[in-house]
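Student: Below is one structure. I have some questions about it.
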Amino acid sequence: MKQVQSLVVVLGICVNSIHANSFEFDLRFQQETSDGSGRFHRLHRGETWKAEETAVIVCDVWDLHHCLNAVRRLEEFGPRLNALLKNARERGATIIHSPSDCMPFYESHAARTRAMRVPVAKKLRKDIATWCSLIPGEERAVYPIDQSDGGEDDHPKEHAAWAAKLKSLGRNPGTPWKRQSEMITIDADRDFITDRGDEVWNILEHRGIKNVILTGVHTNMCVIGRPFGLRQMVRNGKNVVLVRDMTDTMYNPQRWPYVSHFTGTDLIISHIERYVCPTITSDQFLGGKTFRLKNDKRPHVAIVTAEQYYHTNVSLPDFALRNLGRDFRVSYVFADDKERNTLPGIDVLKEADVLVLCVRRRVLPLDQMQFVRDFIESGKPVVGVRTAHHAFVLADGKPGKGLVDWPGFDREVFGCDYQRGHGPDAPAIVGLAQDANSHELLNGITDRTFRAGYSAYKHRNLDKNTKLLLSAKVADQTAEPVAWTYKRKGGGRSFYVGLGHPKDFEDPTFDRLLTNAIYWAAGRDIPKGSLPRRGQDFENHWTLINVPGKWSEQSADLKEYTGTGWYRCVLRLSEELAASKPIQLKLQTNCKSWLNGHALSGKSGSVIDPAWIAADDANLLVVKVTNRTGLTKIPTLAFERGAFELEGRWQFRAGDDASWSNMPLPAKFGTSTDIVFEPRID
């Protein structure tokens with residue numbers, strides 16, 4: 001008996017030892033629903049990483065920063081980041097501290113000396129010491145935010161006072177950092193300090209590191225682009241993850257896409273999960289809950305769309321970015337493009353606060369349907385669009401093996417009996433229902449009558465706990481209910497609207513009604529007055545455009561435009577090309593151009609001074625066009641050994657502002673991945 005007990009104890013020790021020396025991670029990543037769809041499933045997979053083969057890199061967690069709000073946010077998550085590093089260190093992971101530009105402070109520190117003494121790797125990767133602007137595949141994306149102003153989100157008065165304080169401390173207000181934040185412990189006996197990509201690579205190779213975890217700031221600049229950042233690690237074959245709740249972006253909500261700072265961070269993380277690497281969270285080290293900044297009070301809206309008729313898989317995400325990014329966190333669940341009756345990622349409902357549903361006649365595996373049932377039965381709010389009331393019931397027949405339906409969904413969730421539609425040849429005029437005029441859901445709606453984008457559905461026997469808001473008149477027939485609220489019998493509240501055709505999403509009345517409904521469902525105050533509508537606004541922000549091309553052919557919004565236009569792109573020239581002479585930019589007439597803020601002389605051909613070029617780095621090329629039609633000929637870089645055409649996506653802005661010739665920060669920090677050209681001459 002004692003031998004058995006001893007064996008149990010030994011086995012227990014072995015199991016604990018295995019757990020202590022490895023990490024069990026839940027990696028979140030995004031996978032395109034099908035090639036070129038532009039829609040992504042948010043998925044998870046489990047992986048076990050050996051601690052001895054894992055390194056954590058702490059990126060640019062400086063003692064001070066020029067943006068006060070950035071300092072405040074770091075002060076919030078810094079202690080938890082330190083706890084994560086302690087946990088990882090004690091379990092055997094390698095910790096590398098990389099506060100860029102701060103090596104003089106650590107000149108005599110043991111961790112700095114240790115990093116410099118690591119043997120040079122036998123296979124030192126090409127370009128490992130340079131900034132990485134993009135990796136293969138990333139160029140397909142539309143970069144999700146404009147960070148070209150530097151991303152500062154301070155109030156101007158606070159920012160000025162902070163700059164004055166930094167100056168009084170003897171710091172440069174633009175680059176005030178001298179060391180890593182004291183919130184982060186550096187173990188002099190075990191850790192490494194370096195901001196050099198080659199030294200980081202030496203450490204990884206010398207210690208047999210296969211897995212790299214990135215933490216720190218800022219996600220959209222240094223964390224992703226530094227020589228030791230996400231892109232370089234992925235490009236050079238490491239298994240890489242970002243700790244998504246131990247990071248922050250430099251994003252100003254006054255810039256496109258005009259969302260909250262926290263949504264800006266979400267958009268960058270989503271970009272990373274799609275095109276760069278998976279992410280994890282700090283609770284996978286420390287337990288408890290995922291970290292959340294104290295001012296991030298956004299309710300979580302899950303938009304679930306799976307129907308083939310109304311293209312809400314396009315219109316609902318566009319709607320959400322336009323209207324919800326200021327006050328909500330938004331996730332998306334799309335239909336599987338290959339298998340009709342499955343909704344990959346529907347488990348997001350476990351953490352959602354509001355469900356926006358536009359699904360048509362899908363039956364689901366039991367575990368997926370259970371996520372929907374659990375959400376609704378918990379009393380959480382549901383916003384139904386168009387086909388939502390017949391989301392999970394077939395028109396005919398029964399579900400196949402392993403699949404379940406939800407008959408009666410229309411009555412249980414929306415308090416109605418759905419009776420199909422009037423048909424596409426029966427135009428519907430939508431107007432206010434009786435006694436609905438003062439309802440809060442109609443805030444900001446000025447058009448009290450409008451034409452529906454498609455036919456009206458037939459709804460019968462509205463429950464007594466519904467409140468009718470809109471009705472539709474179809475020819476000489478009885479008015480049909482179109483939009484209403486419903487207090488569900490099992491608890492919770494629902495809103496339903498029988499609109500959702502692409503034409504409806506173009507109508508400001510429907511746009512505002514659906515926005516109001518989501519605020520109402522989340523228990524938030526419904527905005528009063530008009531909401532800002534900023535879509536493809538060429539005058540207020542930079543927008544992607546194809547070069548060459550006439551403005552009139554690029555967008556309906558530019559069809560009548562005959563003013564001045566500005567274009568910009570990013571050039572990455574190898575050291576060899578950057579040093580070649582001469583380098584000439586050839587343009588059509590009526591153009592002026594700048595490289596990294598330096599004006600190039602000549603109207604149609606300009607010689608570039610090699611001294612203006614940052615070799616193996618991002619360079620900002622700006623072209624001003626005054627011909628009233630656009631950049632209609634391909635700009636070309638001419639080198640001694642050949643030429644390279646800059647044909648493709650550029651950013652464009654209508655108007656005339658001399659400040660657009662440059663950015664207030666180096667191009668590698670301020671530009672985006674969707675306008676990068678890397679000239680190659682064979």
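The way I read the labels, and the way they are meant: chains A, B, ... in the order of the structure tokens, residue 1 as the first residue of every chain, and ligand 1 as the first ligand shown, with later ones counted on from there.
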From a DSSP pass on the backbone, collect the residues of region 415-565 of chain A flagged as strand (DSSP E or B) and hand them back as number ranges by chain.
Tutor: A: 417-421, 428-432, 449-451, 457-460, 466-474, 480-487, 493-497, 543-547, 565
Student: Keeping only C-alpha atoms, write the selected residues to a file as a PDB file, in the first residue's frame.
Tutor:
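result.pdb, written as the output of this step:
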```pdb
ATOM      1  CA  ASP A 417     -45.403  34.550 -36.203  1.00  0.00           C
ATOM      2  CA  TYR A 418     -43.429  34.840 -39.440  1.00  0.00           C
ATOM      3  CA  GLN A 419     -45.544  34.133 -42.553  1.00  0.00           C
ATOM      4  CA  ARG A 420     -42.986  34.671 -45.342  1.00  0.00           C
ATOM      5  CA  GLY A 421     -43.070  37.712 -47.645  1.00  0.00           C
ATOM      6  CA  ALA A 428     -43.318  48.719 -49.418  1.00  0.00           C
ATOM      7  CA  ILE A 429     -43.569  52.241 -47.999  1.00  0.00           C
ATOM      8  CA  VAL A 430     -42.452  52.308 -44.368  1.00  0.00           C
ATOM      9  CA  GLY A 431     -43.857  54.765 -41.835  1.00  0.00           C
ATOM     10  CA  LEU A 432     -44.268  55.271 -38.099  1.00  0.00           C
ATOM     11  CA  THR A 449     -41.762  57.836 -44.277  1.00  0.00           C
ATOM     12  CA  PHE A 450     -39.361  56.019 -46.582  1.00  0.00           C
ATOM     13  CA  ARG A 451     -39.285  53.306 -49.217  1.00  0.00           C
ATOM     14  CA  TYR A 457     -42.436  40.294 -44.687  1.00  0.00           C
ATOM     15  CA  LYS A 458     -45.764  39.112 -43.323  1.00  0.00           C
ATOM     16  CA  HIS A 459     -45.847  39.095 -39.520  1.00  0.00           C
ATOM     17  CA  ARG A 460     -48.872  37.959 -37.576  1.00  0.00           C
ATOM     18  CA  THR A 466     -44.197  43.961 -28.179  1.00  0.00           C
ATOM     19  CA  LYS A 467     -44.099  47.675 -28.963  1.00  0.00           C
ATOM     20  CA  LEU A 468     -44.658  48.385 -32.664  1.00  0.00           C
ATOM     21  CA  LEU A 469     -42.482  51.174 -34.076  1.00  0.00           C
ATOM     22  CA  LEU A 470     -42.698  50.929 -37.877  1.00  0.00           C
ATOM     23  CA  SER A 471     -45.234  49.524 -40.312  1.00  0.00           C
ATOM     24  CA  ALA A 472     -45.158  49.051 -44.073  1.00  0.00           C
ATOM     25  CA  LYS A 473     -47.937  49.736 -46.515  1.00  0.00           C
ATOM     26  CA  VAL A 474     -47.937  47.292 -49.421  1.00  0.00           C
ATOM     27  CA  GLU A 480     -47.418  44.957 -42.101  1.00  0.00           C
ATOM     28  CA  PRO A 481     -45.393  45.289 -38.883  1.00  0.00           C
ATOM     29  CA  VAL A 482     -41.780  46.138 -39.768  1.00  0.00           C
ATOM     30  CA  ALA A 483     -39.952  47.047 -36.551  1.00  0.00           C
ATOM     31  CA  TRP A 484     -40.749  46.501 -32.879  1.00  0.00           C
ATOM     32  CA  THR A 485     -39.323  45.807 -29.452  1.00  0.00           C
ATOM     33  CA  TYR A 486     -40.201  42.727 -27.411  1.00  0.00           C
ATOM     34  CA  LYS A 487     -39.860  41.907 -23.743  1.00  0.00           C
ATOM     35  CA  ARG A 493     -35.371  42.135 -24.538  1.00  0.00           C
ATOM     36  CA  SER A 494     -35.297  41.946 -28.289  1.00  0.00           C
ATOM     37  CA  PHE A 495     -35.590  44.325 -31.207  1.00  0.00           C
ATOM     38  CA  TYR A 496     -36.548  43.214 -34.687  1.00  0.00           C
ATOM     39  CA  VAL A 497     -36.531  45.058 -38.000  1.00  0.00           C
ATOM     40  CA  THR A 543      -8.147  56.802 -48.721  1.00  0.00           C
ATOM     41  CA  LEU A 544      -6.779  53.982 -50.881  1.00  0.00           C
ATOM     42  CA  ILE A 545      -6.860  54.588 -54.612  1.00  0.00           C
ATOM     43  CA  ASN A 546      -5.359  52.814 -57.611  1.00  0.00           C
ATOM     44  CA  VAL A 547      -2.544  54.354 -59.625  1.00  0.00           C
ATOM     45  CA  GLY A 565      -4.974  65.877 -55.313  1.00  0.00           C
TER      46      GLY A 565
END
```
Student: Give me the residues near Val359 (chain A) as a PyMOL selection string, where near means some atom within 10 Å (using only C-alpha atoms) and where sequence neighbours in that chain fewer than 6 positions away do not count.
Tutor: chain A and resi 304-308+312-313+334-335+384-392
Student: Of the candidates A:Glu205, A:Val372, A:Thr636, A:Ala521, which one gets nearest to Pro119 (chain A) if we count only C-alpha atoms?
Tutor: A:Glu205
Student: Would you work out the distance separating CA of Gly415 (chain A) from CA of Leu357 (chain A), expressed in Å to one decimal?
Tutor: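 That distance, rounded to one decimal, is 15.4 Å.
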Student: Please return, as a VMD selection string, all residues of region 60-227 of chain A that DSSP assigns to helix (DSSP H, G or I) on the basis of the backbone.
Tutor: chain A and resid 68 to 90 103 to 106 110 to 117 138 to 140 156 to 168 197 to 206 219 to 225
Student: With distances taken over only C-alpha atoms, which of A:Gly492, A:Pro399, A:Pro79, A:Pro527 is nearest to Leu324 (chain A)?
Tutor: A:Pro527
Student: Leaving out Val314 (chain A) and any residue of its chain fewer than 5 positions from it, which residues lie within 9 Å of it when counting only C-alpha atoms, given as a list of chain:residue names?
Tutor: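 Final neighbour list, sorted by chain and number: A:Arg39, A:Phe319, A:Pro502.
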Student: Might you pull out every residue within 12 Å of Ile376 (chain A), with only C-alpha atoms counted and same-chain residues fewer than 3 positions away left off, and present them as number ranges by chain?
Tutor: A: 349-350, 352-357, 369-373, 379-383, 409, 412-414, 488-494
Student: Got a sec: who's within 12 Å of Arg72 (chain A), counting only C-alpha atoms, leaving out chain neighbours fewer than 5 positions off, as a VMD selection string?
Tutor: chain A and resid 63 to 67 77 to 78 153 to 154 162 248 293 to 295
Student: What's around Trp660 (chain A) at 9 Å? Count only C-alpha atoms, leave out sequence neighbours fewer than 3 positions away in its own chain, and write the answer as an NGL selection string.
Tutor: :A and (566 or 568 or 622 or 653 or 656-657 or 663)
Student: With distances taken over only C-alpha atoms, which of A:Lys123, A:Arg42, A:His97, A:Arg628 is nearest to Ala111 (chain A)?
Tutor: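 Comparing A:Lys123, A:Arg42, A:His97, A:Arg628 against Ala111 (chain A), the winner is A:His97.
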Student: Between A:Arg80, A:Gln284, A:Thr33, A:Val120, single out the one closest to Gly46 (chain A), counting only C-alpha atoms.
Tutor: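 Of all the options, A:Gln284 lies closest to Gly46 (chain A).
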Student: What does the distance from CA of Leu166 (chain A) to CA of Trp131 (chain A) come to in Å, to one decimal?
Tutor: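 Distance between the two atoms: 27.8 Å.
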Student: Can you work out the spacing between CA of Thr673 (chain A) and CA of Arg298 (chain A) in Å, to one decimal?
Tutor: 28.1 Å
